[in-house]
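Novice: Structure below; questions to follow.
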Amino acid sequence: GGIQMLLQQIDGVDAERAGRIANARGQRRASSGLGIAIPFDGKLYLIAGEPDKELAREITPAGADRIELVQVSEAGKFSWVEGNTLCVVSELKSGKVHRYRSEVDDSFSGKLDWVYQEEIYGRGNFQAHWWSPDGEQLGWLELDESAVQEFTVVDHVEDGHFRVKPEIYNYPKVGDPNPTVKVWLGDFGGSKPKTTELDLSDYGDEEILVTRVGWTPEGEKMLFVVADRIQTWAHLHWVDIKSKKQGVWIREAQEAAWTPRPNPPRWLADGSFLWESHRTGYNHLYHYSADGKLIRPVTQGEWNLNRILSIDEEAGEMLYSSTEDGAIDTHYYRIGLDGEGKVRLTQGRGSHALDFNGDGSLALDRVSALDMQEEVRLVDGRTGEVLEVLARGEVDAVGKTEVASWEVHEIQNRDGVPLDVAVLKPGDFDANKSYAVWVSTYSGPNAPTIRNRWSSSSWFQFLAQNDILVLQCNVRSASGKGLKWTAAAYKQLGIPELHDLEDAVDWLCAHDWADGSRVGITGYSYGGFMSAWAMLASDKFRLAVAGGGVYDWRMYDTVYTERYMQTPSTNLAGYEATSCIAHAG
């Protein structure tokens, strides 16, 4: 409301809409007291300015077109992107804009191209310029797409009219050129900005990706992660902002798999940091000194660290979730930062979510399972002991109608690998009847289909009411158990996954009540590929509905596909082995 009122002072601004946008984006307030920068309708506004100035004013520089990706530094400096050009205002009173961009037409400064945002930094996140903690230094990426080949998409319904319109994008398909990347560092603390392109010549002619950018807590070093094109290794790289001296703190590498993109360091008060790594085949946390020397592992074992809930440096401990007690469940634990004194805080099977009170002595545990509706428990924050069940989210229809129910099993595949499967049986299940089987899957790398939490899918209930068994299976490479398991699909996407789905079908159809001659499969995206592939490479399936699939991996983008398949020049047999197009004849 306050922002809307202030914006009313600006002629021509839809104050209500601008206020909603500003609130939704959570715009940062500059510590200098300059105020809040709000990008709105291609312009830039400063809200709640200096006490002796107007409360709201437009600060869009003269001649600026549409601006995006606005960032405000802690020192009250502004940066944004305009027409793929990085723009910086280091001193608001003068309003002088410093512009940075390569002379190459297909270049981006401070903004990500399509493949970087889609496959590296996250869908919809085009941000590629980052201020230091003190707000005086700015790091950014410059991407050159001039060698990236074009791809045409046809818009079949242009502006509400039933005409077609070709839309042309730069889209790097496997084996084709990627955008090249440069890393820049700008010093905006003085009267005249100083910019430096960082020297990455140590990597020679090897094609690289820059997959993370950040800062040390005091801002004396900029950090970035460099990976090779097919992502077999990743380096945590640092550069000193004063001397421009560079180095590598951590080198991650895999021989029989890819190296997952590392998460940013978690900094501790003494300058040391915590670092997640898959180096053992499982994701675990490691403690490093401020100069990048390994101190000790914090977690270890044949299970995956999933999420760090909180870190209490004063107590020397942290809360986290992991797969230690079941990959389809979600359990939380407390452990010392020295790796000692581990305590499990969640009791019983299912997916738990903890919400602690102020001093951590109590927590609310929201838990459900495929066969258990959600309940809220009051638990002891130190031991996890259940003190009281406060509420149960009961669905009235359950118990009053013949609602289908899930069963969870662990089976063995043909190689002796345990697989999690779930079966939904009709509410009036009769072992003397014969039921068709419907497999719903995704099966993409490290993307489990089954989560042990309450499911209220009306579609699955509809299938069960029509005498169809629903079968789901976490194939070994999509089990969520760790890179050691996920790597089964390396250089052969689709092959081990289909074997596991076949084994799950065989296990179910060994029962007289499951009809092996009436098995269908469906999925979308990776699941669409698996559904089509199942029809072409297996005799277990009678019907498939495949949506949005990649029907030959040579058709997909570089960064996602080459991570798992390498390139056609190094793994042509792997690409040809699972081409749905080739197998369709």
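Letters for chains follow the order of the structure tokens (A, B, ...), residue numbers begin at 1 for each chain, and ligand numbers begin at 1 in the order shown.
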Excluding Asp291 (chain A) and its own-chain neighbours fewer than 2 positions away, which residues fall within 12 Å of it when counting only C-alpha atoms? Please give them as a ChimeraX atom specification.

Specialist: /A:216,221,236-238,247-250,270-273,287-289,293-295

Novice: Let me see the file: selected residues, all heavy atoms, as a short mmCIF file (atom, residue, chain, number, x, y, z; two decimals), in the first residue's frame.

Specialist:
data_model
loop_
_atom_site.label_atom_id
_atom_site.label_comp_id
_atom_site.auth_asym_id
_atom_site.auth_seq_id
_atom_site.Cartn_x
_atom_site.Cartn_y
_atom_site.Cartn_z
N THR A 216 33.01 -14.10 -1.60
CA THR A 216 33.30 -14.42 -0.20
C THR A 216 32.55 -13.42 0.67
O THR A 216 32.16 -12.34 0.20
CB THR A 216 34.81 -14.36 0.07
OG1 THR A 216 35.30 -13.07 -0.33
CG2 THR A 216 35.54 -15.46 -0.69
N LYS A 221 37.07 -11.56 -2.44
CA LYS A 221 37.27 -12.47 -3.57
C LYS A 221 35.94 -12.74 -4.26
O LYS A 221 34.90 -12.86 -3.61
CB LYS A 221 37.87 -13.81 -3.11
CG LYS A 221 39.31 -13.75 -2.63
CD LYS A 221 39.80 -15.12 -2.24
CE LYS A 221 41.28 -15.10 -1.88
NZ LYS A 221 41.54 -14.31 -0.67
N LEU A 236 36.08 -24.92 -8.32
CA LEU A 236 35.71 -23.71 -7.59
C LEU A 236 36.87 -22.73 -7.70
O LEU A 236 37.92 -22.89 -7.08
CB LEU A 236 35.41 -24.02 -6.13
CG LEU A 236 35.04 -22.81 -5.26
CD1 LEU A 236 33.79 -22.11 -5.79
CD2 LEU A 236 34.86 -23.21 -3.80
N HIS A 237 36.67 -21.72 -8.52
CA HIS A 237 37.71 -20.78 -8.92
C HIS A 237 37.56 -19.48 -8.11
O HIS A 237 36.45 -19.05 -7.83
CB HIS A 237 37.52 -20.47 -10.41
CG HIS A 237 38.72 -19.98 -11.12
ND1 HIS A 237 39.43 -20.77 -11.99
CD2 HIS A 237 39.34 -18.78 -11.12
CE1 HIS A 237 40.43 -20.07 -12.50
NE2 HIS A 237 40.39 -18.86 -11.98
N TRP A 238 38.66 -18.85 -7.73
CA TRP A 238 38.59 -17.58 -7.01
C TRP A 238 39.48 -16.54 -7.69
O TRP A 238 40.45 -16.89 -8.37
CB TRP A 238 39.01 -17.74 -5.54
CG TRP A 238 40.42 -18.24 -5.34
CD1 TRP A 238 40.80 -19.53 -5.18
CD2 TRP A 238 41.61 -17.44 -5.28
NE1 TRP A 238 42.16 -19.61 -5.03
CE2 TRP A 238 42.69 -18.35 -5.08
CE3 TRP A 238 41.88 -16.08 -5.36
CZ2 TRP A 238 44.01 -17.91 -4.98
CZ3 TRP A 238 43.20 -15.64 -5.27
CH2 TRP A 238 44.24 -16.56 -5.07
N GLY A 247 43.05 -18.46 -8.60
CA GLY A 247 43.42 -19.81 -8.20
C GLY A 247 42.19 -20.70 -8.13
O GLY A 247 41.06 -20.26 -8.34
N VAL A 248 42.42 -21.98 -7.84
CA VAL A 248 41.34 -22.96 -7.70
C VAL A 248 41.42 -23.56 -6.31
O VAL A 248 42.47 -24.06 -5.90
CB VAL A 248 41.46 -24.07 -8.77
CG1 VAL A 248 40.41 -25.14 -8.53
CG2 VAL A 248 41.30 -23.47 -10.16
N TRP A 249 40.33 -23.50 -5.57
CA TRP A 249 40.27 -24.08 -4.24
C TRP A 249 39.92 -25.57 -4.29
O TRP A 249 40.51 -26.37 -3.59
CB TRP A 249 39.24 -23.34 -3.38
CG TRP A 249 39.79 -22.13 -2.70
CD1 TRP A 249 41.10 -21.82 -2.49
CD2 TRP A 249 39.04 -21.04 -2.15
NE1 TRP A 249 41.23 -20.62 -1.85
CE2 TRP A 249 39.97 -20.12 -1.62
CE3 TRP A 249 37.69 -20.76 -2.05
CZ2 TRP A 249 39.58 -18.95 -0.98
CZ3 TRP A 249 37.29 -19.59 -1.44
CH2 TRP A 249 38.23 -18.69 -0.90
N ILE A 250 38.91 -25.92 -5.08
CA ILE A 250 38.40 -27.30 -5.06
C ILE A 250 38.24 -27.78 -6.49
O ILE A 250 37.73 -27.06 -7.36
CB ILE A 250 37.04 -27.38 -4.33
CG1 ILE A 250 37.18 -26.91 -2.88
CG2 ILE A 250 36.50 -28.81 -4.36
CD1 ILE A 250 35.86 -26.86 -2.13
N ASP A 270 33.95 -17.84 11.07
CA ASP A 270 35.41 -17.77 11.11
C ASP A 270 36.03 -17.72 9.72
O ASP A 270 37.26 -17.78 9.58
CB ASP A 270 35.97 -18.96 11.90
CG ASP A 270 35.63 -20.31 11.25
OD1 ASP A 270 34.96 -20.32 10.19
OD2 ASP A 270 36.03 -21.35 11.82
N GLY A 271 35.21 -17.60 8.69
CA GLY A 271 35.73 -17.52 7.33
C GLY A 271 35.82 -18.85 6.63
O GLY A 271 36.05 -18.90 5.41
N SER A 272 35.69 -19.96 7.36
CA SER A 272 35.68 -21.27 6.72
C SER A 272 34.32 -21.49 6.05
O SER A 272 33.39 -20.69 6.21
CB SER A 272 35.97 -22.36 7.75
OG SER A 272 34.93 -22.43 8.73
N PHE A 273 34.20 -22.59 5.31
CA PHE A 273 32.94 -22.80 4.60
C PHE A 273 32.61 -24.28 4.50
O PHE A 273 33.49 -25.16 4.65
CB PHE A 273 32.96 -22.15 3.22
CG PHE A 273 34.01 -22.67 2.27
CD1 PHE A 273 33.73 -23.72 1.39
CD2 PHE A 273 35.28 -22.12 2.24
CE1 PHE A 273 34.67 -24.20 0.51
CE2 PHE A 273 36.25 -22.59 1.35
CZ PHE A 273 35.95 -23.63 0.48
N HIS A 287 33.80 -29.73 5.36
CA HIS A 287 34.21 -28.47 5.99
C HIS A 287 35.59 -28.09 5.44
O HIS A 287 36.53 -28.88 5.51
CB HIS A 287 34.27 -28.65 7.51
CG HIS A 287 34.46 -27.37 8.26
ND1 HIS A 287 34.65 -27.31 9.61
CD2 HIS A 287 34.48 -26.07 7.84
CE1 HIS A 287 34.78 -26.07 10.00
NE2 HIS A 287 34.68 -25.29 8.94
N TYR A 288 35.68 -26.86 4.89
CA TYR A 288 36.92 -26.35 4.33
C TYR A 288 37.36 -25.10 5.08
O TYR A 288 36.54 -24.33 5.57
CB TYR A 288 36.75 -26.00 2.85
CG TYR A 288 36.86 -27.18 1.92
CD1 TYR A 288 35.78 -28.02 1.70
CD2 TYR A 288 38.06 -27.47 1.27
CE1 TYR A 288 35.88 -29.11 0.84
CE2 TYR A 288 38.17 -28.55 0.40
CZ TYR A 288 37.09 -29.37 0.21
OH TYR A 288 37.20 -30.45 -0.63
N SER A 289 38.68 -24.90 5.15
CA SER A 289 39.21 -23.68 5.76
C SER A 289 39.01 -22.51 4.80
O SER A 289 38.65 -22.69 3.64
CB SER A 289 40.70 -23.86 6.06
OG SER A 289 41.43 -24.04 4.85
N LYS A 293 41.33 -25.39 2.11
CA LYS A 293 41.91 -26.67 2.53
C LYS A 293 40.85 -27.50 3.25
O LYS A 293 40.13 -26.98 4.11
CB LYS A 293 43.11 -26.44 3.47
CG LYS A 293 44.23 -25.63 2.86
CD LYS A 293 44.91 -26.38 1.73
CE LYS A 293 46.21 -25.71 1.31
NZ LYS A 293 46.04 -24.32 0.84
N LEU A 294 40.78 -28.79 2.90
CA LEU A 294 39.80 -29.68 3.52
C LEU A 294 40.12 -29.89 4.99
O LEU A 294 41.24 -30.25 5.35
CB LEU A 294 39.76 -31.02 2.79
CG LEU A 294 38.81 -32.08 3.37
CD1 LEU A 294 37.37 -31.61 3.30
CD2 LEU A 294 38.99 -33.41 2.64
N ILE A 295 39.13 -29.67 5.85
CA ILE A 295 39.28 -29.92 7.28
C ILE A 295 38.76 -31.31 7.63
O ILE A 295 39.47 -32.14 8.20
CB ILE A 295 38.54 -28.85 8.11
CG1 ILE A 295 39.13 -27.46 7.82
CG2 ILE A 295 38.59 -29.18 9.60
CD1 ILE A 295 38.36 -26.32 8.47
#

Novice: Fewer than 3 positions away in the same chain doesn't count, so skip those; otherwise give me all residues within 8 Å of Pro217 (chain A), counting only C-alpha atoms, as a ChimeraX atom specification.

Specialist: /A:133,220,267,271

Novice: With a cut-off of 12 Å, could you pull out the residues of region 134-160 of chain A touching region 551-563 of chain A and give me the nearest pair of atoms for each, distance in Å to one decimal, using only C-alpha atoms, ordered by chain and ascending number, as JSON lines?

Specialist:
{"residue": "A:Val148", "atom": "CA", "partner": "A:Thr558", "partner_atom": "CA", "distance": 10.7}
{"residue": "A:Gln149", "atom": "CA", "partner": "A:Asp557", "partner_atom": "CA", "distance": 11.2}
{"residue": "A:Glu150", "atom": "CA", "partner": "A:Asp557", "partner_atom": "CA", "distance": 12.0}
{"residue": "A:Phe151", "atom": "CA", "partner": "A:Met555", "partner_atom": "CA", "distance": 10.8}

Novice: Excluding same-chain residues fewer than 3 positions from Tyr116 (chain A), what lies within 10 Å of it counting only C-alpha atoms, as number ranges by chain?

Specialist: A: 111-113, 119-123, 125-126, 128, 143, 178-179, 209-211, 559

Novice: The selected residues should be written to file as a PDB file, in the first residue's frame (atoms: N, CA and C atoms).

Specialist:
ATOM      1  N   LYS A 111      23.414 -10.788 -18.818  1.00  0.00           N
ATOM      2  CA  LYS A 111      22.173 -11.529 -19.044  1.00  0.00           C
ATOM      3  C   LYS A 111      22.519 -12.884 -19.646  1.00  0.00           C
ATOM      4  N   LEU A 112      21.812 -13.917 -19.227  1.00  0.00           N
ATOM      5  CA  LEU A 112      22.051 -15.260 -19.735  1.00  0.00           C
ATOM      6  C   LEU A 112      21.324 -15.482 -21.053  1.00  0.00           C
ATOM      7  N   ASP A 113      21.901 -16.329 -21.880  1.00  0.00           N
ATOM      8  CA  ASP A 113      21.207 -16.752 -23.083  1.00  0.00           C
ATOM      9  C   ASP A 113      20.223 -17.853 -22.713  1.00  0.00           C
ATOM     10  N   GLU A 119      19.239 -24.647 -18.511  1.00  0.00           N
ATOM     11  CA  GLU A 119      19.899 -25.859 -18.056  1.00  0.00           C
ATOM     12  C   GLU A 119      20.947 -25.653 -16.970  1.00  0.00           C
ATOM     13  N   ILE A 120      21.332 -24.406 -16.673  1.00  0.00           N
ATOM     14  CA  ILE A 120      22.386 -24.192 -15.671  1.00  0.00           C
ATOM     15  C   ILE A 120      21.874 -23.366 -14.502  1.00  0.00           C
ATOM     16  N   TYR A 121      21.406 -22.140 -14.753  1.00  0.00           N
ATOM     17  CA  TYR A 121      21.036 -21.258 -13.648  1.00  0.00           C
ATOM     18  C   TYR A 121      19.574 -21.404 -13.230  1.00  0.00           C
ATOM     19  N   GLY A 122      18.769 -22.060 -14.044  1.00  0.00           N
ATOM     20  CA  GLY A 122      17.387 -22.314 -13.648  1.00  0.00           C
ATOM     21  C   GLY A 122      16.402 -21.626 -14.562  1.00  0.00           C
ATOM     22  N   ARG A 123      15.383 -22.364 -14.944  1.00  0.00           N
ATOM     23  CA  ARG A 123      14.400 -21.863 -15.908  1.00  0.00           C
ATOM     24  C   ARG A 123      13.798 -20.540 -15.448  1.00  0.00           C
ATOM     25  N   ASN A 125      15.472 -17.762 -14.950  1.00  0.00           N
ATOM     26  CA  ASN A 125      16.473 -16.922 -14.292  1.00  0.00           C
ATOM     27  C   ASN A 125      17.535 -16.517 -15.311  1.00  0.00           C
ATOM     28  N   PHE A 126      17.425 -15.275 -15.816  1.00  0.00           N
ATOM     29  CA  PHE A 126      18.375 -14.765 -16.797  1.00  0.00           C
ATOM     30  C   PHE A 126      19.439 -13.871 -16.159  1.00  0.00           C
ATOM     31  N   ALA A 128      22.659 -12.374 -14.734  1.00  0.00           N
ATOM     32  CA  ALA A 128      24.073 -12.716 -14.935  1.00  0.00           C
ATOM     33  C   ALA A 128      24.992 -11.573 -14.526  1.00  0.00           C
ATOM     34  N   LEU A 143      28.266 -13.582 -22.743  1.00  0.00           N
ATOM     35  CA  LEU A 143      28.052 -14.759 -23.567  1.00  0.00           C
ATOM     36  C   LEU A 143      27.984 -14.359 -25.040  1.00  0.00           C
ATOM     37  N   ASN A 178      28.334 -24.263 -28.540  1.00  0.00           N
ATOM     38  CA  ASN A 178      27.706 -23.596 -27.402  1.00  0.00           C
ATOM     39  C   ASN A 178      28.013 -22.106 -27.457  1.00  0.00           C
ATOM     40  N   PRO A 179      27.307 -21.279 -26.696  1.00  0.00           N
ATOM     41  CA  PRO A 179      27.776 -19.906 -26.511  1.00  0.00           C
ATOM     42  C   PRO A 179      29.115 -19.921 -25.781  1.00  0.00           C
ATOM     43  N   LEU A 209      32.090 -24.127 -19.333  1.00  0.00           N
ATOM     44  CA  LEU A 209      30.870 -23.498 -18.846  1.00  0.00           C
ATOM     45  C   LEU A 209      31.201 -22.816 -17.525  1.00  0.00           C
ATOM     46  N   VAL A 210      30.562 -21.698 -17.244  1.00  0.00           N
ATOM     47  CA  VAL A 210      30.671 -21.049 -15.928  1.00  0.00           C
ATOM     48  C   VAL A 210      29.326 -21.218 -15.257  1.00  0.00           C
ATOM     49  N   THR A 211      29.274 -22.043 -14.215  1.00  0.00           N
ATOM     50  CA  THR A 211      27.995 -22.523 -13.700  1.00  0.00           C
ATOM     51  C   THR A 211      27.568 -21.897 -12.379  1.00  0.00           C
ATOM     52  N   VAL A 559      23.654 -28.670 -23.136  1.00  0.00           N
ATOM     53  CA  VAL A 559      24.045 -28.711 -21.730  1.00  0.00           C
ATOM     54  C   VAL A 559      23.369 -29.855 -20.988  1.00  0.00           C
TER      55      VAL A 559
END

Novice: Using only C-alpha atoms, find the one residue out of A:Val239, A:Leu390, A:Leu305, A:Val115 that sits nearest to Gly139 (chain A).

Specialist: A:Val239

Novice: Excluding same-chain residues fewer than 4 positions from Glu410 (chain A), what lies within 8 Å of it counting only C-alpha atoms, as a tab-separated table (two decimals) with N, CA, C and O atoms, in the first residue's frame?

Specialist:
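Result written to result_24.tsv:
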chain	number	residue	atom	x	y	z
A	418	PRO	N	17.84	-53.17	-5.63
A	418	PRO	CA	16.51	-52.92	-5.07
A	418	PRO	C	15.84	-51.70	-5.70
A	418	PRO	O	16.48	-50.67	-5.91
A	419	LEU	N	14.55	-51.83	-6.00
A	419	LEU	CA	13.77	-50.74	-6.59
A	419	LEU	C	12.55	-50.47	-5.73
A	419	LEU	O	11.89	-51.40	-5.25
A	420	ASP	N	12.22	-49.19	-5.54
A	420	ASP	CA	10.98	-48.81	-4.86
A	420	ASP	C	9.86	-48.78	-5.88
A	420	ASP	O	9.97	-48.14	-6.94
A	421	VAL	N	8.76	-49.49	-5.58
A	421	VAL	CA	7.59	-49.47	-6.45
A	421	VAL	C	6.36	-49.16	-5.61
A	421	VAL	O	6.32	-49.42	-4.40

Novice: Of the candidates A:Ala147, A:Val423, A:Val225, A:Val174, which one gets nearest to Asn571 (chain A) if we count only C-alpha atoms?

Specialist: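 Nearest candidate to Asn571 (chain A) out of A:Ala147, A:Val423, A:Val225, A:Val174: A:Val174.
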
Novice: Mind running region 409-528 of chain A against region 564-567 of chain A at 12 Å and telling me each contacting residue's nearest atom pair with the distance in Å (one decimal), counting only C-alpha atoms, chain and number ascending, as a Markdown table?

Specialist:
| residue | atom | partner | partner_atom | distance |
| --- | --- | --- | --- | --- |
| A:Gly444 | CA | A:Tyr564 | CA | 10.5 |
| A:Pro445 | CA | A:Tyr564 | CA | 8.5 |
| A:Asn446 | CA | A:Tyr564 | CA | 11.4 |
| A:Ser477 | CA | A:Tyr564 | CA | 11.3 |
| A:Leu483 | CA | A:Tyr564 | CA | 11.8 |
| A:Thr486 | CA | A:Tyr564 | CA | 10.0 |
| A:Ala487 | CA | A:Tyr564 | CA | 8.5 |
| A:Ala488 | CA | A:Tyr564 | CA | 10.2 |
| A:Ala489 | CA | A:Tyr564 | CA | 7.4 |
| A:Tyr490 | CA | A:Tyr564 | CA | 5.3 |
| A:Lys491 | CA | A:Met565 | CA | 4.1 |
| A:Gln492 | CA | A:Met565 | CA | 6.7 |
| A:Leu493 | CA | A:Met565 | CA | 7.2 |
| A:Gly494 | CA | A:Met565 | CA | 10.9 |

Novice: Take the residues from that selection and write them out as an mmCIF file, in the first residue's frame, keeping all heavy atoms.

Specialist:
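As written to disk, out-v3.cif reads:
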data_model
loop_
_atom_site.group_PDB
_atom_site.id
_atom_site.type_symbol
_atom_site.label_atom_id
_atom_site.label_comp_id
_atom_site.auth_asym_id
_atom_site.auth_seq_id
_atom_site.Cartn_x
_atom_site.Cartn_y
_atom_site.Cartn_z
ATOM 1 N N GLY A 444 13.577 -39.671 -15.414
ATOM 2 C CA GLY A 444 14.764 -38.909 -15.765
ATOM 3 C C GLY A 444 15.817 -38.983 -14.674
ATOM 4 O O GLY A 444 15.515 -39.288 -13.519
ATOM 5 N N PRO A 445 17.088 -38.713 -15.010
ATOM 6 C CA PRO A 445 18.178 -38.854 -14.039
ATOM 7 C C PRO A 445 17.906 -38.116 -12.728
ATOM 8 O O PRO A 445 17.620 -36.915 -12.719
ATOM 9 C CB PRO A 445 19.376 -38.246 -14.781
ATOM 10 C CG PRO A 445 19.065 -38.466 -16.226
ATOM 11 C CD PRO A 445 17.585 -38.295 -16.332
ATOM 12 N N ASN A 446 17.986 -38.860 -11.634
ATOM 13 C CA ASN A 446 17.825 -38.345 -10.277
ATOM 14 C C ASN A 446 16.511 -37.598 -10.095
ATOM 15 O O ASN A 446 16.443 -36.622 -9.352
ATOM 16 C CB ASN A 446 18.995 -37.426 -9.893
ATOM 17 C CG ASN A 446 19.099 -37.224 -8.395
ATOM 18 O OD1 ASN A 446 18.836 -38.132 -7.618
ATOM 19 N ND2 ASN A 446 19.462 -36.035 -7.981
ATOM 20 N N SER A 477 18.316 -45.254 -11.785
ATOM 21 C CA SER A 477 18.933 -43.961 -12.073
ATOM 22 C C SER A 477 18.044 -42.788 -11.677
ATOM 23 O O SER A 477 18.465 -41.632 -11.738
ATOM 24 C CB SER A 477 19.277 -43.858 -13.560
ATOM 25 O OG SER A 477 18.124 -44.052 -14.353
ATOM 26 N N LEU A 483 24.473 -40.349 -6.721
ATOM 27 C CA LEU A 483 25.076 -40.397 -8.048
ATOM 28 C C LEU A 483 25.537 -41.809 -8.404
ATOM 29 O O LEU A 483 25.515 -42.204 -9.577
ATOM 30 C CB LEU A 483 26.262 -39.425 -8.115
ATOM 31 C CG LEU A 483 26.978 -39.305 -9.454
ATOM 32 C CD1 LEU A 483 26.030 -38.801 -10.538
ATOM 33 C CD2 LEU A 483 28.191 -38.394 -9.336
ATOM 34 N N THR A 486 22.470 -43.147 -9.922
ATOM 35 C CA THR A 486 22.040 -42.398 -11.100
ATOM 36 C C THR A 486 22.959 -42.656 -12.286
ATOM 37 O O THR A 486 22.517 -42.662 -13.441
ATOM 38 C CB THR A 486 22.011 -40.890 -10.790
ATOM 39 O OG1 THR A 486 21.337 -40.675 -9.557
ATOM 40 C CG2 THR A 486 21.295 -40.115 -11.875
ATOM 41 N N ALA A 487 24.239 -42.907 -12.009
ATOM 42 C CA ALA A 487 25.227 -43.091 -13.074
ATOM 43 C C ALA A 487 24.961 -44.317 -13.935
ATOM 44 O O ALA A 487 25.599 -44.486 -14.982
ATOM 45 C CB ALA A 487 26.628 -43.185 -12.470
ATOM 46 N N ALA A 488 24.021 -45.166 -13.542
ATOM 47 C CA ALA A 488 23.684 -46.326 -14.375
ATOM 48 C C ALA A 488 23.230 -45.910 -15.765
ATOM 49 O O ALA A 488 23.393 -46.663 -16.736
ATOM 50 C CB ALA A 488 22.588 -47.154 -13.701
ATOM 51 N N ALA A 489 22.661 -44.698 -15.875
ATOM 52 C CA ALA A 489 22.156 -44.233 -17.173
ATOM 53 C C ALA A 489 23.217 -43.507 -17.984
ATOM 54 O O ALA A 489 22.932 -43.065 -19.108
ATOM 55 C CB ALA A 489 20.955 -43.307 -16.959
ATOM 56 N N TYR A 490 24.450 -43.384 -17.461
ATOM 57 C CA TYR A 490 25.483 -42.602 -18.144
ATOM 58 C C TYR A 490 25.793 -43.179 -19.517
ATOM 59 O O TYR A 490 26.087 -44.369 -19.656
ATOM 60 C CB TYR A 490 26.744 -42.562 -17.289
ATOM 61 C CG TYR A 490 27.780 -41.555 -17.729
ATOM 62 C CD1 TYR A 490 27.403 -40.254 -18.080
ATOM 63 C CD2 TYR A 490 29.129 -41.888 -17.784
ATOM 64 C CE1 TYR A 490 28.349 -39.322 -18.455
ATOM 65 C CE2 TYR A 490 30.090 -40.957 -18.152
ATOM 66 C CZ TYR A 490 29.696 -39.674 -18.496
ATOM 67 O OH TYR A 490 30.631 -38.745 -18.869
ATOM 68 N N LYS A 491 25.688 -42.344 -20.525
ATOM 69 C CA LYS A 491 25.961 -42.649 -21.928
ATOM 70 C C LYS A 491 24.989 -43.658 -22.536
ATOM 71 O O LYS A 491 25.213 -44.144 -23.636
ATOM 72 C CB LYS A 491 27.418 -43.127 -22.109
ATOM 73 C CG LYS A 491 28.449 -42.077 -21.718
ATOM 74 C CD LYS A 491 29.825 -42.383 -22.256
ATOM 75 C CE LYS A 491 30.456 -43.576 -21.596
ATOM 76 N NZ LYS A 491 31.872 -43.774 -22.041
ATOM 77 N N GLN A 492 23.892 -43.950 -21.821
ATOM 78 C CA GLN A 492 22.893 -44.881 -22.366
ATOM 79 C C GLN A 492 21.498 -44.559 -21.847
ATOM 80 O O GLN A 492 20.781 -45.429 -21.364
ATOM 81 C CB GLN A 492 23.270 -46.328 -22.017
ATOM 82 C CG GLN A 492 23.505 -46.592 -20.552
ATOM 83 C CD GLN A 492 23.704 -48.071 -20.256
ATOM 84 O OE1 GLN A 492 23.580 -48.935 -21.134
ATOM 85 N NE2 GLN A 492 23.989 -48.395 -19.003
ATOM 86 N N LEU A 493 21.104 -43.294 -21.962
ATOM 87 C CA LEU A 493 19.796 -42.877 -21.464
ATOM 88 C C LEU A 493 18.687 -43.750 -22.040
ATOM 89 O O LEU A 493 18.578 -43.921 -23.252
ATOM 90 C CB LEU A 493 19.520 -41.407 -21.826
ATOM 91 C CG LEU A 493 20.344 -40.343 -21.104
ATOM 92 C CD1 LEU A 493 19.939 -38.954 -21.604
ATOM 93 C CD2 LEU A 493 20.190 -40.425 -19.594
ATOM 94 N N GLY A 494 17.862 -44.305 -21.154
ATOM 95 C CA GLY A 494 16.714 -45.097 -21.567
ATOM 96 C C GLY A 494 16.894 -46.591 -21.415
ATOM 97 O O GLY A 494 15.913 -47.314 -21.207
#

Novice: One decimal, in Å: what's the spacing between CA of Gln117 (chain A) and CA of Tyr442 (chain A)?

Specialist: 22.2 Å
